[in-house]
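A.B. asks: Just run.cif, nothing more (mmCIF, C-alpha atoms):
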```cif
data_work
#
loop_
_atom_site.group_PDB
_atom_site.id
_atom_site.type_symbol
_atom_site.label_atom_id
_atom_site.label_comp_id
_atom_site.auth_asym_id
_atom_site.auth_seq_id
_atom_site.Cartn_x
_atom_site.Cartn_y
_atom_site.Cartn_z
ATOM 1 C CA MET A 1 84.385 -23.970 -9.922
ATOM 2 C CA ASP A 2 84.877 -23.469 -13.644
ATOM 3 C CA LYS A 3 81.498 -24.147 -15.276
ATOM 4 C CA GLN A 4 83.033 -24.396 -18.746
ATOM 5 C CA SER A 5 85.216 -27.292 -17.584
ATOM 6 C CA LEU A 6 82.147 -28.930 -16.070
ATOM 7 C CA LEU A 7 80.250 -28.559 -19.350
ATOM 8 C CA ASP A 8 83.213 -29.939 -21.316
ATOM 9 C CA LEU A 9 83.312 -33.033 -19.082
ATOM 10 C CA LEU A 10 79.569 -33.581 -19.469
ATOM 11 C CA ARG A 11 79.774 -33.267 -23.247
ATOM 12 C CA HIS A 12 82.486 -35.909 -23.244
ATOM 13 C CA ASP A 13 80.619 -38.322 -20.937
ATOM 14 C CA ALA A 14 77.406 -37.293 -19.195
ATOM 15 C CA ARG A 15 77.125 -40.671 -17.456
ATOM 16 C CA GLU A 16 79.946 -40.003 -15.002
ATOM 17 C CA SER A 17 78.925 -39.716 -11.373
ATOM 18 C CA VAL A 18 79.017 -36.425 -9.530
ATOM 19 C CA ASP A 19 81.871 -37.808 -7.409
ATOM 20 C CA ASP A 20 83.942 -38.679 -10.526
ATOM 21 C CA ILE A 21 83.302 -35.263 -12.040
ATOM 22 C CA ALA A 22 84.246 -33.550 -8.778
ATOM 23 C CA ARG A 23 87.483 -35.542 -8.606
ATOM 24 C CA GLN A 24 88.402 -34.543 -12.184
ATOM 25 C CA LEU A 25 87.652 -30.886 -11.488
ATOM 26 C CA GLY A 26 89.349 -30.887 -8.100
ATOM 27 C CA ALA A 27 86.100 -29.715 -6.543
ATOM 28 C CA ASP A 28 83.714 -30.788 -3.827
ATOM 29 C CA ALA A 29 80.906 -33.171 -4.949
ATOM 30 C CA GLU A 30 78.290 -30.943 -3.310
ATOM 31 C CA ALA A 31 79.569 -27.936 -5.262
ATOM 32 C CA VAL A 32 79.404 -29.932 -8.509
ATOM 33 C CA ALA A 33 75.850 -31.090 -7.745
ATOM 34 C CA ALA A 34 74.817 -27.509 -7.002
ATOM 35 C CA ALA A 35 76.443 -26.260 -10.212
ATOM 36 C CA LEU A 36 74.664 -28.968 -12.235
ATOM 37 C CA GLU A 37 71.332 -28.049 -10.692
ATOM 38 C CA GLU A 38 71.938 -24.365 -11.436
ATOM 39 C CA LEU A 39 72.917 -25.095 -15.065
ATOM 40 C CA GLU A 40 69.766 -27.191 -15.485
ATOM 41 C CA ASP A 41 67.525 -24.578 -13.811
ATOM 42 C CA ASP A 42 69.021 -21.801 -15.970
ATOM 43 C CA GLY A 43 68.354 -23.789 -19.149
ATOM 44 C CA VAL A 44 72.043 -24.159 -20.022
ATOM 45 C CA ILE A 45 71.779 -27.941 -19.791
ATOM 46 C CA ARG A 46 68.613 -28.969 -21.635
ATOM 47 C CA GLY A 47 68.975 -32.740 -21.398
ATOM 48 C CA TYR A 48 71.253 -35.745 -21.552
ATOM 49 C CA GLN A 49 71.287 -38.002 -24.622
ATOM 50 C CA ALA A 50 73.106 -41.028 -25.935
ATOM 51 C CA VAL A 51 75.022 -40.877 -29.214
ATOM 52 C CA VAL A 52 73.654 -43.808 -31.242
ATOM 53 C CA ASP A 53 75.491 -45.526 -34.082
ATOM 54 C CA TRP A 54 72.437 -46.431 -36.167
ATOM 55 C CA ASN A 55 74.528 -48.785 -38.315
ATOM 56 C CA ASN A 56 74.628 -51.137 -35.312
ATOM 57 C CA VAL A 57 70.854 -51.147 -34.791
ATOM 58 C CA ASP A 58 68.711 -53.799 -36.468
ATOM 59 C CA GLU A 59 65.744 -51.528 -37.226
ATOM 60 C CA GLU A 60 65.890 -49.120 -40.142
ATOM 61 C CA HIS A 61 66.428 -45.531 -39.120
ATOM 62 C CA VAL A 62 66.624 -42.810 -41.757
ATOM 63 C CA ARG A 63 67.967 -39.313 -41.336
ATOM 64 C CA ALA A 64 67.933 -36.458 -43.795
ATOM 65 C CA GLN A 65 69.294 -32.956 -43.779
ATOM 66 C CA VAL A 66 66.815 -30.509 -45.246
ATOM 67 C CA GLU A 67 67.611 -27.031 -46.541
ATOM 68 C CA VAL A 68 64.614 -24.713 -46.242
ATOM 69 C CA ASP A 69 64.176 -21.310 -47.875
ATOM 70 C CA VAL A 70 61.490 -19.012 -46.517
ATOM 71 C CA GLU A 71 60.026 -15.665 -47.481
ATOM 72 C CA LEU A 72 59.229 -13.401 -44.564
ATOM 73 C CA ASP A 73 56.432 -10.846 -44.421
ATOM 74 C CA ARG A 74 55.685 -8.029 -42.003
ATOM 75 C CA GLU A 75 53.771 -10.261 -39.614
ATOM 76 C CA THR A 76 55.965 -13.369 -39.696
ATOM 77 C CA GLY A 77 59.586 -13.669 -38.588
ATOM 78 C CA TYR A 78 62.117 -16.482 -38.344
ATOM 79 C CA GLU A 79 61.211 -17.191 -34.704
ATOM 80 C CA GLU A 80 57.558 -17.884 -35.508
ATOM 81 C CA ILE A 81 58.424 -20.186 -38.417
ATOM 82 C CA ALA A 82 61.003 -21.976 -36.267
ATOM 83 C CA ARG A 83 58.450 -22.528 -33.484
ATOM 84 C CA ARG A 84 56.029 -24.134 -35.949
ATOM 85 C CA ILE A 85 58.682 -26.421 -37.441
ATOM 86 C CA ALA A 86 60.218 -27.377 -34.064
ATOM 87 C CA ARG A 87 56.894 -28.824 -32.846
ATOM 88 C CA PHE A 88 57.123 -31.782 -35.232
ATOM 89 C CA PRO A 89 58.538 -34.889 -33.524
ATOM 90 C CA GLU A 90 60.338 -35.857 -36.758
ATOM 91 C CA VAL A 91 62.534 -32.741 -36.445
ATOM 92 C CA ALA A 92 65.685 -33.668 -34.511
ATOM 93 C CA THR A 93 67.610 -30.460 -35.195
ATOM 94 C CA LEU A 94 66.498 -27.038 -36.404
ATOM 95 C CA ARG A 95 68.883 -24.165 -37.027
ATOM 96 C CA LEU A 96 68.694 -20.728 -38.625
ATOM 97 C CA VAL A 97 71.816 -20.498 -40.789
ATOM 98 C CA SER A 98 73.631 -18.069 -43.028
ATOM 99 C CA GLY A 99 74.263 -18.807 -46.680
ATOM 100 C CA ASP A 100 72.136 -20.022 -49.564
ATOM 101 C CA TYR A 101 69.146 -21.116 -47.458
ATOM 102 C CA ASP A 102 67.508 -20.031 -44.212
ATOM 103 C CA PHE A 103 66.924 -23.111 -42.070
ATOM 104 C CA PHE A 104 68.801 -26.370 -41.638
ATOM 105 C CA ILE A 105 66.592 -29.214 -40.427
ATOM 106 C CA GLU A 106 67.680 -32.718 -39.507
ATOM 107 C CA VAL A 107 64.710 -35.030 -39.890
ATOM 108 C CA GLU A 108 64.455 -38.618 -38.608
ATOM 109 C CA GLY A 109 62.036 -41.322 -39.661
ATOM 110 C CA ALA A 110 61.463 -45.040 -40.059
ATOM 111 C CA SER A 111 62.031 -45.017 -43.825
ATOM 112 C CA MET A 112 63.017 -42.811 -46.749
ATOM 113 C CA HIS A 113 59.347 -42.759 -47.738
ATOM 114 C CA ALA A 114 58.314 -41.531 -44.273
ATOM 115 C CA VAL A 115 60.932 -38.767 -44.276
ATOM 116 C CA SER A 116 60.070 -37.743 -47.839
ATOM 117 C CA ASN A 117 56.356 -37.607 -46.998
ATOM 118 C CA PHE A 118 57.049 -35.566 -43.891
ATOM 119 C CA VAL A 119 59.000 -32.962 -45.859
ATOM 120 C CA SER A 120 56.490 -32.779 -48.711
ATOM 121 C CA GLU A 121 53.330 -32.883 -46.590
ATOM 122 C CA ARG A 122 54.315 -30.995 -43.423
ATOM 123 C CA ILE A 123 57.275 -28.679 -44.173
ATOM 124 C CA ALA A 124 56.793 -27.651 -47.825
ATOM 125 C CA PRO A 125 53.139 -26.558 -47.351
ATOM 126 C CA ILE A 126 54.048 -24.016 -44.655
ATOM 127 C CA PRO A 127 53.013 -20.733 -46.335
ATOM 128 C CA GLU A 128 56.379 -18.977 -45.865
ATOM 129 C CA VAL A 129 58.408 -21.920 -47.215
ATOM 130 C CA THR A 130 59.480 -21.295 -50.800
ATOM 131 C CA LYS A 131 61.879 -24.200 -51.356
ATOM 132 C CA THR A 132 63.158 -27.372 -49.710
ATOM 133 C CA VAL A 133 66.159 -29.515 -50.657
ATOM 134 C CA THR A 134 66.452 -32.899 -48.945
ATOM 135 C CA HIS A 135 69.765 -34.727 -48.531
ATOM 136 C CA PHE A 136 69.420 -38.263 -47.175
ATOM 137 C CA VAL A 137 72.250 -39.312 -44.846
ATOM 138 C CA MET A 138 73.913 -42.372 -46.337
ATOM 139 C CA ASP A 139 76.454 -42.998 -43.566
ATOM 140 C CA SER A 140 77.751 -41.239 -40.460
ATOM 141 C CA TYR A 141 81.362 -41.248 -39.344
ATOM 142 C CA LYS A 142 81.224 -38.861 -36.385
ATOM 143 C CA GLU A 143 78.371 -37.636 -34.172
ATOM 144 C CA GLU A 144 78.641 -35.047 -31.404
ATOM 145 C CA GLY A 145 82.429 -35.372 -31.400
ATOM 146 C CA ILE A 146 82.372 -39.172 -31.172
ATOM 147 C CA GLU A 147 83.765 -41.269 -34.010
ATOM 148 C CA LEU A 148 81.439 -44.049 -35.104
ATOM 149 C CA GLY A 149 82.256 -47.462 -36.527
ATOM 150 C CA ASP A 150 84.451 -50.263 -35.289
ATOM 151 C CA GLY A 151 87.639 -48.196 -35.203
ATOM 152 C CA ASP A 152 89.439 -50.586 -37.565
ATOM 153 C CA ASP A 153 88.862 -48.814 -40.866
ATOM 154 C CA ASP A 154 92.186 -49.666 -42.504
ATOM 155 C CA ASP A 155 91.235 -52.336 -45.050
ATOM 156 C CA ARG A 156 94.510 -52.102 -46.949
ATOM 157 C CA LEU A 157 96.640 -55.194 -47.329
ATOM 158 C CA SER A 158 100.035 -55.062 -45.714
ATOM 159 C CA VAL A 159 102.969 -54.888 -48.077
ATOM 160 C CA SER A 160 106.163 -56.730 -47.263
ATOM 161 C CA PRO A 161 109.474 -56.395 -49.048
#
```
Is it possible to express this structure as structure tokens?

C.D. replies:
Amino acid sequence: MDKQSLLDLLRHDARESVDDIARQLGADAEAVAAALEELEDDGVIRGYQAVVDWNNVDEEHVRAQVEVDVELDRETGYEEIARRIARFPEVATLRLVSGDYDFFIEVEGASMHAVSNFVSERIAPIPEVTKTVTHFVMDSYKEEGIELGDGDDDDRLSVSP
């Protein structure tokens, strides 16, 4: 069985049953279940999550993308800094990136104040951190390959001759 096809199906809809996945792959359900277990055991599949459109949730939910510059020394590398930052529950995503800054962090919180305090009180004081730039997410149009919104975004008036 082609594991890449299995992973593609799961990324599209991880709620499908093993039988439905097997039917789509033209494989035996037992083989699919075994492949899923192997991918989970090997750490390829780390979890299953819902894609949430926070605009449709009553409670406030704030996200920010934070650029972080660091200065390394002989004893401290990117991996160690990343491990420290990843432990915070407010950190949804943490990536080492190329370009003008070193780390990209997506932070989530209950309010802009909470996110701002987290960055200034927990991230900025890390000794190797030399600079942070916080960009608050104002709206999201696509998450994890899924378009958000009601799907009827054309607010233009029709024109008739």

A.B. asks: Quick one: residues within 7 Å of range 16-21 of chain A, all atoms listed in the file, excluding same-chain residues fewer than 6 positions away - as a ChimeraX atom specification?

C.D. replies: /A:29,32-33

A.B. asks: Using only C-alpha atoms for the distances, tell me which of A:Glu60, A:Glu128, A:Asp41, A:Glu147 is nearest to Tyr78 in chain A.

C.D. replies: A:Glu128

A.B. asks: For Ala34 in chain A, list every protein, DNA or RNA residue within 12 Å, evaluated using all atoms listed in the file, and leave out those in the same chain fewer than 5 positions away; present the list as a ChimeraX atom specification.

C.D. replies: /A:1,3,6,18,22,27-29,39-41

A.B. asks: Could you write those residues out with C-alpha atoms, as a compact mmCIF listing (two decimals), keeping the file's coordinate frame?

C.D. replies:
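again.txt was written with the following content:
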```txt
# COMPACT_ATOMS: atom_id res chain seq x y z
CA MET A 1 84.38 -23.97 -9.92
CA LYS A 3 81.50 -24.15 -15.28
CA LEU A 6 82.15 -28.93 -16.07
CA VAL A 18 79.02 -36.42 -9.53
CA ALA A 22 84.25 -33.55 -8.78
CA ALA A 27 86.10 -29.72 -6.54
CA ASP A 28 83.71 -30.79 -3.83
CA ALA A 29 80.91 -33.17 -4.95
CA LEU A 39 72.92 -25.10 -15.06
CA GLU A 40 69.77 -27.19 -15.48
CA ASP A 41 67.53 -24.58 -13.81
```

A.B. asks: For the structure shown, which residues end up in the PyMOL selection byres ((chain A and resi 122) around 12)? Put them as a list in words, please?

C.D. replies: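 Listing what the PyMOL selection byres ((chain A and resi 122) around 12) selects in the shown file: Arg84, Ile85, Ala86, Arg87, Phe88, Pro89, Glu90, Val91, Val107, Ala114, Val115, Ser116, Asn117, Phe118, Val119, Ser120, Glu121, Ile123, Ala124, Pro125, Ile126, Pro127, Val129 and Thr132 of chain A.
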
A.B. asks: Evaluate the PyMOL selection byres ((chain A and resi 52) around 12) on the structure here and hand back the selected residues as a list of chain:residue names.

C.D. replies: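 Given this file, the PyMOL selection byres ((chain A and resi 52) around 12) evaluates to A:Gln49, A:Ala50, A:Val51, A:Asp53, A:Trp54, A:Asn55, A:Asn56, A:Val57, A:His61, A:Ser140, A:Tyr141, A:Lys142, A:Glu143, A:Glu144, A:Ile146, A:Glu147, A:Leu148, A:Gly149.
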
A.B. asks: Please evaluate the PyMOL selection byres ((chain A and resi 71) around 12) against the structure above and give the resulting residues as a ChimeraX atom specification.

C.D. replies: /A:68-70,72-78,81,101-103,126-131

A.B. asks: When you draw a straight line from CA of Ala110 in chain A to CA of Ala64 in chain A, how long is it in Å?

C.D. replies: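 Those two atoms sit 11.4 Å apart.
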
A.B. asks: What is the distance between CA of Val62 in chain A and CA of Ala92 in chain A, in Å to one decimal?

C.D. replies: 11.7 Å

A.B. asks: Distance CA of Thr93 in chain A-CA of Ser111 in chain A, one decimal place?

C.D. replies: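 Rounded to one decimal, the two atoms are 17.8 Å apart.
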
A.B. asks: If we count all atoms listed in the file, what is near Val66 in chain A at a cut-off of 6 Å, once residues fewer than 4 positions away on the same chain are taken out, given as a ChimeraX atom specification?

C.D. replies: /A:104-105,133-134

A.B. asks: I'd like to know which of A:Glu67, A:Glu37, A:Asp58, A:Tyr48 is closest to Asp13 in chain A, using all atoms listed in the file.

C.D. replies: A:Tyr48

A.B. asks: Draw an axis-aligned box tight on the listed atoms of range 69-81 of chain A, then pad every side by 3 Å and write out centre and edge lengths in Å to one decimal as lines of an AutoDock Vina configuration file.

C.D. replies:
```
center_x = 59.0
center_y = -14.7
center_z = -41.3
size_x = 16.4
size_y = 19.3
size_z = 19.2
```

A.B. asks: Quick one: range 102-136 of chain A with N, CA and C atoms, as a tab-separated table (two decimals), in the coordinates of the input?

C.D. replies:
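Produced file out_20.tsv, reproduced below:
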```tsv
chain	number	residue	atom	x	y	z
A	102	ASP	N	67.79	-20.66	-45.51
A	102	ASP	CA	67.51	-20.03	-44.21
A	102	ASP	C	67.58	-21.00	-43.03
A	103	PHE	N	66.95	-22.15	-43.16
A	103	PHE	CA	66.92	-23.11	-42.07
A	103	PHE	C	67.60	-24.41	-42.47
A	104	PHE	N	68.27	-25.02	-41.51
A	104	PHE	CA	68.80	-26.37	-41.64
A	104	PHE	C	67.98	-27.23	-40.70
A	105	ILE	N	67.38	-28.30	-41.25
A	105	ILE	CA	66.59	-29.21	-40.43
A	105	ILE	C	67.16	-30.61	-40.57
A	106	GLU	N	67.37	-31.30	-39.45
A	106	GLU	CA	67.68	-32.72	-39.51
A	106	GLU	C	66.41	-33.45	-39.13
A	107	VAL	N	65.96	-34.31	-40.05
A	107	VAL	CA	64.71	-35.03	-39.89
A	107	VAL	C	65.03	-36.51	-39.71
A	108	GLU	N	64.28	-37.19	-38.83
A	108	GLU	CA	64.46	-38.62	-38.61
A	108	GLU	C	63.14	-39.33	-38.85
A	109	GLY	N	63.23	-40.54	-39.41
A	109	GLY	CA	62.04	-41.32	-39.66
A	109	GLY	C	62.36	-42.79	-39.81
A	110	ALA	N	61.31	-43.60	-39.96
A	110	ALA	CA	61.46	-45.04	-40.06
A	110	ALA	C	61.88	-45.49	-41.45
A	111	SER	N	61.68	-44.64	-42.45
A	111	SER	CA	62.03	-45.02	-43.82
A	111	SER	C	62.24	-43.77	-44.66
A	112	MET	N	62.84	-43.95	-45.84
A	112	MET	CA	63.02	-42.81	-46.75
A	112	MET	C	61.65	-42.27	-47.16
A	113	HIS	N	60.70	-43.16	-47.36
A	113	HIS	CA	59.35	-42.76	-47.74
A	113	HIS	C	58.72	-41.88	-46.64
A	114	ALA	N	58.88	-42.29	-45.38
A	114	ALA	CA	58.31	-41.53	-44.27
A	114	ALA	C	58.94	-40.14	-44.18
A	115	VAL	N	60.25	-40.06	-44.33
A	115	VAL	CA	60.93	-38.77	-44.28
A	115	VAL	C	60.51	-37.89	-45.46
A	116	SER	N	60.48	-38.48	-46.64
A	116	SER	CA	60.07	-37.74	-47.84
A	116	SER	C	58.64	-37.21	-47.70
A	117	ASN	N	57.74	-38.05	-47.21
A	117	ASN	CA	56.36	-37.61	-47.00
A	117	ASN	C	56.27	-36.49	-45.97
A	118	PHE	N	57.06	-36.61	-44.91
A	118	PHE	CA	57.05	-35.57	-43.89
A	118	PHE	C	57.45	-34.22	-44.49
A	119	VAL	N	58.53	-34.22	-45.26
A	119	VAL	CA	59.00	-32.96	-45.86
A	119	VAL	C	57.96	-32.41	-46.83
A	120	SER	N	57.42	-33.26	-47.69
A	120	SER	CA	56.49	-32.78	-48.71
A	120	SER	C	55.11	-32.43	-48.17
A	121	GLU	N	54.68	-33.11	-47.09
A	121	GLU	CA	53.33	-32.88	-46.59
A	121	GLU	C	53.25	-31.97	-45.37
A	122	ARG	N	54.37	-31.80	-44.64
A	122	ARG	CA	54.32	-31.00	-43.42
A	122	ARG	C	55.20	-29.74	-43.48
A	123	ILE	N	56.36	-29.83	-44.12
A	123	ILE	CA	57.28	-28.68	-44.17
A	123	ILE	C	56.99	-27.81	-45.40
A	124	ALA	N	56.99	-28.41	-46.58
A	124	ALA	CA	56.79	-27.65	-47.82
A	124	ALA	C	55.50	-26.85	-47.85
A	125	PRO	N	54.38	-27.35	-47.30
A	125	PRO	CA	53.14	-26.56	-47.35
A	125	PRO	C	53.08	-25.35	-46.41
A	126	ILE	N	54.05	-25.19	-45.53
A	126	ILE	CA	54.05	-24.02	-44.66
A	126	ILE	C	54.08	-22.78	-45.56
A	127	PRO	N	53.15	-21.84	-45.38
A	127	PRO	CA	53.01	-20.73	-46.34
A	127	PRO	C	54.30	-19.96	-46.64
A	128	GLU	N	55.16	-19.77	-45.65
A	128	GLU	CA	56.38	-18.98	-45.86
A	128	GLU	C	57.49	-19.78	-46.54
A	129	VAL	N	57.37	-21.09	-46.61
A	129	VAL	CA	58.41	-21.92	-47.22
A	129	VAL	C	58.33	-21.81	-48.73
A	130	THR	N	59.45	-21.44	-49.34
A	130	THR	CA	59.48	-21.30	-50.80
A	130	THR	C	60.23	-22.43	-51.49
A	131	LYS	N	61.09	-23.14	-50.74
A	131	LYS	CA	61.88	-24.20	-51.36
A	131	LYS	C	62.44	-25.11	-50.27
A	132	THR	N	62.47	-26.42	-50.57
A	132	THR	CA	63.16	-27.37	-49.71
A	132	THR	C	64.08	-28.22	-50.58
A	133	VAL	N	65.23	-28.58	-50.02
A	133	VAL	CA	66.16	-29.52	-50.66
A	133	VAL	C	66.51	-30.55	-49.60
A	134	THR	N	66.24	-31.82	-49.91
A	134	THR	CA	66.45	-32.90	-48.94
A	134	THR	C	67.67	-33.72	-49.32
A	135	HIS	N	68.56	-33.91	-48.36
A	135	HIS	CA	69.76	-34.73	-48.53
A	135	HIS	C	69.66	-35.89	-47.55
A	136	PHE	N	69.49	-37.11	-48.06
A	136	PHE	CA	69.42	-38.26	-47.18
A	136	PHE	C	70.83	-38.64	-46.71
```
